$ cat input-v1.cif   # mmCIF, N, CA and C atoms
data_query
#
loop_
_atom_site.label_atom_id
_atom_site.label_comp_id
_atom_site.auth_asym_id
_atom_site.auth_seq_id
_atom_site.Cartn_x
_atom_site.Cartn_y
_atom_site.Cartn_z
N ALA A 1 101.20 102.04 125.09
CA ALA A 1 100.34 101.97 123.92
C ALA A 1 101.15 101.44 122.75
N SER A 2 100.51 100.67 121.93
CA SER A 2 101.16 100.11 120.76
C SER A 2 100.54 100.71 119.51
N THR A 3 101.35 100.91 118.50
CA THR A 3 100.87 101.41 117.22
C THR A 3 101.10 100.33 116.18
N VAL A 4 100.04 100.01 115.47
CA VAL A 4 100.13 99.01 114.42
C VAL A 4 99.73 99.69 113.13
N GLU A 5 100.64 99.75 112.17
CA GLU A 5 100.34 100.36 110.88
C GLU A 5 99.87 99.27 109.93
N LEU A 6 98.79 99.55 109.23
CA LEU A 6 98.22 98.59 108.29
C LEU A 6 98.12 99.21 106.91
N ASN A 7 98.36 98.42 105.89
CA ASN A 7 98.06 98.88 104.55
C ASN A 7 96.89 98.05 104.04
N GLN A 8 96.38 98.38 102.87
CA GLN A 8 95.18 97.72 102.37
C GLN A 8 95.34 96.22 102.21
N GLU A 9 96.52 95.76 101.82
CA GLU A 9 96.73 94.33 101.63
C GLU A 9 96.70 93.58 102.96
N GLU A 10 97.08 94.24 104.04
CA GLU A 10 97.14 93.57 105.34
C GLU A 10 95.80 93.57 106.07
N VAL A 11 94.93 94.52 105.75
CA VAL A 11 93.71 94.69 106.53
C VAL A 11 92.85 93.44 106.51
N SER A 12 92.63 92.85 105.34
CA SER A 12 91.71 91.72 105.26
C SER A 12 92.20 90.51 106.04
N GLY A 13 93.49 90.32 106.14
CA GLY A 13 94.02 89.19 106.88
C GLY A 13 94.37 89.50 108.32
N TYR A 14 94.26 90.76 108.71
CA TYR A 14 94.70 91.15 110.04
C TYR A 14 93.82 90.57 111.14
N LEU A 15 92.53 90.46 110.88
CA LEU A 15 91.65 89.93 111.91
C LEU A 15 92.05 88.52 112.32
N GLU A 16 92.57 87.74 111.38
CA GLU A 16 93.02 86.38 111.69
C GLU A 16 94.28 86.41 112.55
N LEU A 17 95.10 87.43 112.38
CA LEU A 17 96.37 87.51 113.09
C LEU A 17 96.28 88.26 114.42
N LEU A 18 95.16 88.95 114.64
CA LEU A 18 95.02 89.78 115.82
C LEU A 18 95.13 88.93 117.08
N ASP A 19 96.10 89.25 117.89
CA ASP A 19 96.32 88.54 119.14
C ASP A 19 95.78 89.40 120.27
N CYS A 20 94.57 89.11 120.68
CA CYS A 20 93.92 89.92 121.71
C CYS A 20 94.50 89.67 123.09
N THR A 21 95.40 88.70 123.24
CA THR A 21 96.04 88.50 124.52
C THR A 21 97.19 89.48 124.68
N MET A 22 97.86 89.82 123.57
CA MET A 22 98.95 90.79 123.61
C MET A 22 98.42 92.22 123.68
N PHE A 23 97.40 92.49 122.91
CA PHE A 23 96.79 93.82 122.85
C PHE A 23 95.30 93.68 123.13
N PRO A 24 94.92 93.55 124.40
CA PRO A 24 93.50 93.33 124.70
C PRO A 24 92.63 94.50 124.26
N LEU A 25 91.61 94.19 123.49
CA LEU A 25 90.72 95.23 122.98
C LEU A 25 89.94 95.90 124.10
N SER A 26 89.82 95.24 125.24
CA SER A 26 89.09 95.84 126.35
C SER A 26 89.82 97.04 126.93
N LYS A 27 91.10 97.18 126.61
CA LYS A 27 91.89 98.31 127.14
C LYS A 27 92.17 99.38 126.08
N LEU A 28 91.61 99.21 124.91
CA LEU A 28 91.83 100.15 123.82
C LEU A 28 91.00 101.41 124.04
N HIS A 29 91.68 102.57 124.09
CA HIS A 29 90.98 103.84 124.33
C HIS A 29 90.98 104.76 123.11
N LEU A 30 92.02 104.69 122.30
CA LEU A 30 92.17 105.59 121.17
C LEU A 30 92.69 104.83 119.97
N VAL A 31 92.07 105.07 118.81
CA VAL A 31 92.51 104.46 117.55
C VAL A 31 92.57 105.56 116.51
N LYS A 32 93.63 105.55 115.71
CA LYS A 32 93.74 106.50 114.61
C LYS A 32 94.07 105.74 113.33
N PHE A 33 93.24 105.92 112.32
CA PHE A 33 93.46 105.35 111.00
C PHE A 33 93.81 106.48 110.06
N THR A 34 94.81 106.26 109.21
CA THR A 34 95.17 107.27 108.21
C THR A 34 95.08 106.66 106.82
N ASN A 35 94.87 107.52 105.85
CA ASN A 35 94.79 107.13 104.43
C ASN A 35 93.71 106.09 104.16
N ILE A 36 92.56 106.25 104.80
CA ILE A 36 91.45 105.33 104.62
C ILE A 36 90.79 105.62 103.27
N SER A 37 90.54 104.55 102.54
CA SER A 37 89.85 104.67 101.24
C SER A 37 88.52 103.95 101.35
N SER A 38 87.95 103.57 100.26
CA SER A 38 86.66 102.88 100.30
C SER A 38 86.85 101.37 100.25
N PHE A 39 88.00 100.91 100.66
CA PHE A 39 88.35 99.49 100.68
C PHE A 39 87.49 98.79 101.73
N ILE A 40 86.68 97.81 101.34
CA ILE A 40 85.72 97.18 102.24
C ILE A 40 86.35 96.56 103.48
N PRO A 41 87.47 95.82 103.38
CA PRO A 41 88.06 95.27 104.61
C PRO A 41 88.49 96.33 105.62
N GLU A 42 88.85 97.51 105.16
CA GLU A 42 89.18 98.61 106.08
C GLU A 42 87.96 98.94 106.93
N PHE A 43 86.82 99.09 106.26
CA PHE A 43 85.60 99.43 106.98
C PHE A 43 85.20 98.30 107.92
N GLU A 44 85.36 97.07 107.49
CA GLU A 44 85.02 95.93 108.35
C GLU A 44 85.91 95.91 109.59
N PHE A 45 87.18 96.27 109.43
CA PHE A 45 88.09 96.31 110.57
C PHE A 45 87.69 97.44 111.53
N ILE A 46 87.32 98.58 110.98
CA ILE A 46 86.85 99.71 111.79
C ILE A 46 85.62 99.28 112.59
N ARG A 47 84.69 98.64 111.90
CA ARG A 47 83.46 98.17 112.55
C ARG A 47 83.78 97.15 113.65
N PHE A 48 84.69 96.25 113.34
CA PHE A 48 85.10 95.24 114.33
C PHE A 48 85.63 95.91 115.60
N LEU A 49 86.52 96.89 115.43
CA LEU A 49 87.08 97.58 116.60
C LEU A 49 86.02 98.35 117.37
N LEU A 50 85.10 98.98 116.67
CA LEU A 50 84.05 99.74 117.35
C LEU A 50 83.19 98.85 118.24
N PHE A 51 82.90 97.66 117.76
CA PHE A 51 82.01 96.78 118.51
C PHE A 51 82.74 95.82 119.44
N SER A 52 84.07 95.78 119.38
CA SER A 52 84.85 94.85 120.20
C SER A 52 85.70 95.53 121.26
N SER A 53 85.61 96.84 121.35
CA SER A 53 86.46 97.60 122.26
C SER A 53 85.60 98.41 123.23
N PRO A 54 85.21 97.81 124.36
CA PRO A 54 84.28 98.49 125.26
C PRO A 54 84.82 99.78 125.89
N SER A 55 86.14 99.93 125.95
CA SER A 55 86.72 101.14 126.56
C SER A 55 87.07 102.20 125.53
N LEU A 56 86.80 101.93 124.27
CA LEU A 56 87.16 102.87 123.21
C LEU A 56 86.44 104.20 123.42
N ALA A 57 87.21 105.28 123.44
CA ALA A 57 86.64 106.62 123.64
C ALA A 57 86.68 107.43 122.35
N THR A 58 87.78 107.31 121.59
CA THR A 58 87.96 108.12 120.39
C THR A 58 88.51 107.29 119.24
N MET A 59 87.87 107.42 118.09
CA MET A 59 88.38 106.83 116.87
C MET A 59 88.54 107.96 115.86
N SER A 60 89.76 108.14 115.41
CA SER A 60 90.09 109.19 114.46
C SER A 60 90.32 108.53 113.10
N ILE A 61 89.63 109.01 112.09
CA ILE A 61 89.76 108.44 110.75
C ILE A 61 90.12 109.57 109.79
N VAL A 62 91.27 109.42 109.13
CA VAL A 62 91.73 110.41 108.16
C VAL A 62 91.67 109.76 106.79
N GLU A 63 90.89 110.35 105.90
CA GLU A 63 90.72 109.78 104.56
C GLU A 63 91.99 109.90 103.73
N HIS A 64 92.09 109.07 102.72
CA HIS A 64 93.19 109.14 101.77
C HIS A 64 93.09 110.47 101.02
N PRO A 65 94.22 111.17 100.80
CA PRO A 65 94.16 112.50 100.16
C PRO A 65 93.60 112.48 98.74
N GLU A 66 93.64 111.36 98.07
CA GLU A 66 93.15 111.29 96.69
C GLU A 66 91.75 110.70 96.60
N LEU A 67 91.09 110.51 97.72
CA LEU A 67 89.75 109.94 97.74
C LEU A 67 88.75 110.95 97.17
N GLU A 68 87.91 110.47 96.26
CA GLU A 68 86.93 111.35 95.64
C GLU A 68 85.82 111.70 96.64
N SER A 69 85.24 112.87 96.46
CA SER A 69 84.25 113.35 97.42
C SER A 69 83.03 112.43 97.52
N LEU A 70 82.67 111.77 96.44
CA LEU A 70 81.55 110.83 96.48
C LEU A 70 81.86 109.65 97.41
N GLU A 71 83.10 109.19 97.38
CA GLU A 71 83.51 108.09 98.25
C GLU A 71 83.57 108.55 99.70
N VAL A 72 84.02 109.78 99.93
CA VAL A 72 84.04 110.35 101.29
C VAL A 72 82.62 110.36 101.85
N LEU A 73 81.68 110.80 101.05
CA LEU A 73 80.28 110.84 101.47
C LEU A 73 79.76 109.44 101.78
N ARG A 74 80.12 108.48 100.95
CA ARG A 74 79.68 107.09 101.15
C ARG A 74 80.23 106.53 102.45
N ILE A 75 81.51 106.75 102.72
CA ILE A 75 82.13 106.27 103.96
C ILE A 75 81.48 106.94 105.17
N THR A 76 81.26 108.24 105.09
CA THR A 76 80.64 108.99 106.18
C THR A 76 79.26 108.44 106.48
N ARG A 77 78.48 108.17 105.45
CA ARG A 77 77.14 107.60 105.65
C ARG A 77 77.21 106.24 106.31
N LYS A 78 78.14 105.40 105.87
CA LYS A 78 78.28 104.07 106.48
C LYS A 78 78.64 104.18 107.95
N LEU A 79 79.52 105.11 108.29
CA LEU A 79 79.90 105.30 109.69
C LEU A 79 78.72 105.78 110.53
N LEU A 80 77.93 106.67 109.96
CA LEU A 80 76.77 107.20 110.69
C LEU A 80 75.69 106.14 110.90
N GLN A 81 75.64 105.15 110.02
CA GLN A 81 74.64 104.09 110.14
C GLN A 81 74.98 103.08 111.23
N LEU A 82 76.24 103.04 111.65
CA LEU A 82 76.63 102.13 112.72
C LEU A 82 76.02 102.60 114.03
N ARG A 83 75.54 101.68 114.80
CA ARG A 83 74.97 102.04 116.10
C ARG A 83 76.01 101.73 117.16
N VAL A 84 76.91 102.67 117.35
CA VAL A 84 77.99 102.49 118.33
C VAL A 84 77.60 103.16 119.64
N SER A 85 78.32 102.82 120.66
CA SER A 85 78.09 103.39 121.98
C SER A 85 78.16 104.91 121.91
N SER A 86 77.31 105.56 122.67
CA SER A 86 77.31 107.03 122.69
C SER A 86 78.56 107.60 123.35
N THR A 87 79.36 106.74 123.98
CA THR A 87 80.59 107.22 124.62
C THR A 87 81.75 107.28 123.64
N VAL A 88 81.57 106.75 122.43
CA VAL A 88 82.65 106.75 121.43
C VAL A 88 82.50 107.95 120.52
N SER A 89 83.59 108.69 120.38
CA SER A 89 83.63 109.82 119.47
C SER A 89 84.36 109.38 118.21
N ILE A 90 83.70 109.55 117.05
CA ILE A 90 84.34 109.21 115.77
C ILE A 90 84.61 110.51 115.04
N ASP A 91 85.89 110.81 114.82
CA ASP A 91 86.30 112.01 114.11
C ASP A 91 86.76 111.62 112.72
N PHE A 92 86.09 112.12 111.70
CA PHE A 92 86.42 111.81 110.31
C PHE A 92 86.93 113.08 109.65
N SER A 93 88.14 113.05 109.09
CA SER A 93 88.70 114.26 108.48
C SER A 93 89.40 113.95 107.18
N SER A 94 89.67 114.98 106.41
CA SER A 94 90.35 114.82 105.12
C SER A 94 91.86 114.80 105.31
N GLY A 95 92.51 114.09 104.39
CA GLY A 95 93.96 113.92 104.48
C GLY A 95 94.76 114.96 103.81
#

$ encode --input "input-v1.cif" --output "structure tokens"
Amino acid sequence: ASTVELNQEEVSGYLELLDCTMFPLSKLHLVKFTNISSFIPEFEFIRFLLFSSPSLATMSIVEHPELESLEVLRITRKLLQLRVSSTVSIDFSSG
């Protein structure tokens, strides 16, 4: 398994750099994001992985410790609106 750490500046450009031949998304089973804020490219990357990883079983999302509760609620609602496979478990927790 490979771990790739991303910060907010890297997220928006990461999709262009993603080499699916080195790390095939079809074999991705577990993803953990930490310090997630309300940064739109972060959410887009999460959405991309959810819909591009057929073997994904668990996605763990840990919010940024300084994220305001209104933003936590907004992110949670956006995640719930996604129509992902029923086999994927999304765990959202506070940092």

$ closest_residue --input "input-v1.cif" --among "A:Val31, A:Leu82, A:Leu25, A:Val62" --to "Arg47 (chain A)" --atoms "only N, CA and C atoms"
A:Leu82

$ atom_distance --input "input-v1.cif" --atom1 "CA of Val88 (chain A)" --atom2 "CA of Glu68 (chain A)"
26.5 Å

$ axis_aligned_box --input "input-v1.cif" --around "region 23-40 of chain A" --padding-each-side "3 Å" --output "AutoDock Vina command-line options"
--center_x 91.6 --center_y 100.0 --center_z 113.7 --size_x 17.7 --size_y 21.0 --size_z 32.9

$ atom_distance --input "input-v1.cif" --atom1 "atom C of His64 (chain A)" --atom2 "atom N of Arg83 (chain A)"
24.0 Å

$ residues_around --input "input-v1.cif" --residues "Met59 (chain A)" --least-positions-apart "4" --cutoff "6 Å" --atoms "only N, CA and C atoms" --output "PyMOL selection string"
chain A and resi 30-32+88-91

$ write_last_selection --input "input-v1.cif" --atoms "N, CA and C atoms" --output "mmCIF file, keeping the file's coordinate frame"
data_model
loop_
_atom_site.group_PDB
_atom_site.id
_atom_site.type_symbol
_atom_site.label_atom_id
_atom_site.label_comp_id
_atom_site.auth_asym_id
_atom_site.auth_seq_id
_atom_site.Cartn_x
_atom_site.Cartn_y
_atom_site.Cartn_z
ATOM 1 N N LEU A 30 92.020 104.690 122.300
ATOM 2 C CA LEU A 30 92.170 105.590 121.170
ATOM 3 C C LEU A 30 92.690 104.830 119.970
ATOM 4 N N VAL A 31 92.070 105.070 118.810
ATOM 5 C CA VAL A 31 92.510 104.460 117.550
ATOM 6 C C VAL A 31 92.570 105.560 116.510
ATOM 7 N N LYS A 32 93.630 105.550 115.710
ATOM 8 C CA LYS A 32 93.740 106.500 114.610
ATOM 9 C C LYS A 32 94.070 105.740 113.330
ATOM 10 N N VAL A 88 81.570 106.750 122.430
ATOM 11 C CA VAL A 88 82.650 106.750 121.430
ATOM 12 C C VAL A 88 82.500 107.950 120.520
ATOM 13 N N SER A 89 83.590 108.690 120.380
ATOM 14 C CA SER A 89 83.630 109.820 119.470
ATOM 15 C C SER A 89 84.360 109.380 118.210
ATOM 16 N N ILE A 90 83.700 109.550 117.050
ATOM 17 C CA ILE A 90 84.340 109.210 115.770
ATOM 18 C C ILE A 90 84.610 110.510 115.040
ATOM 19 N N ASP A 91 85.890 110.810 114.820
ATOM 20 C CA ASP A 91 86.300 112.010 114.110
ATOM 21 C C ASP A 91 86.760 111.620 112.720
#

$ resolve_selection --input "input-v1.cif" --expression "the PyMOL selection byres ((chain A and resi 53) around 7)" --output "VMD selection string"
chain A and resid 25 to 28 48 to 52 54 to 56

$ resolve_selection --input "input-v1.cif" --expression "the PyMOL selection byres ((chain A and resi 93) around 6)" --output "list in words"
Ile61, Val62, Glu63, Asp91, Phe92, Ser94 and Gly95 of chain A

$ atom_distance --input "input-v1.cif" --atom1 "CA of Pro41 (chain A)" --atom2 "CA of Ile75 (chain A)"
12.5 Å
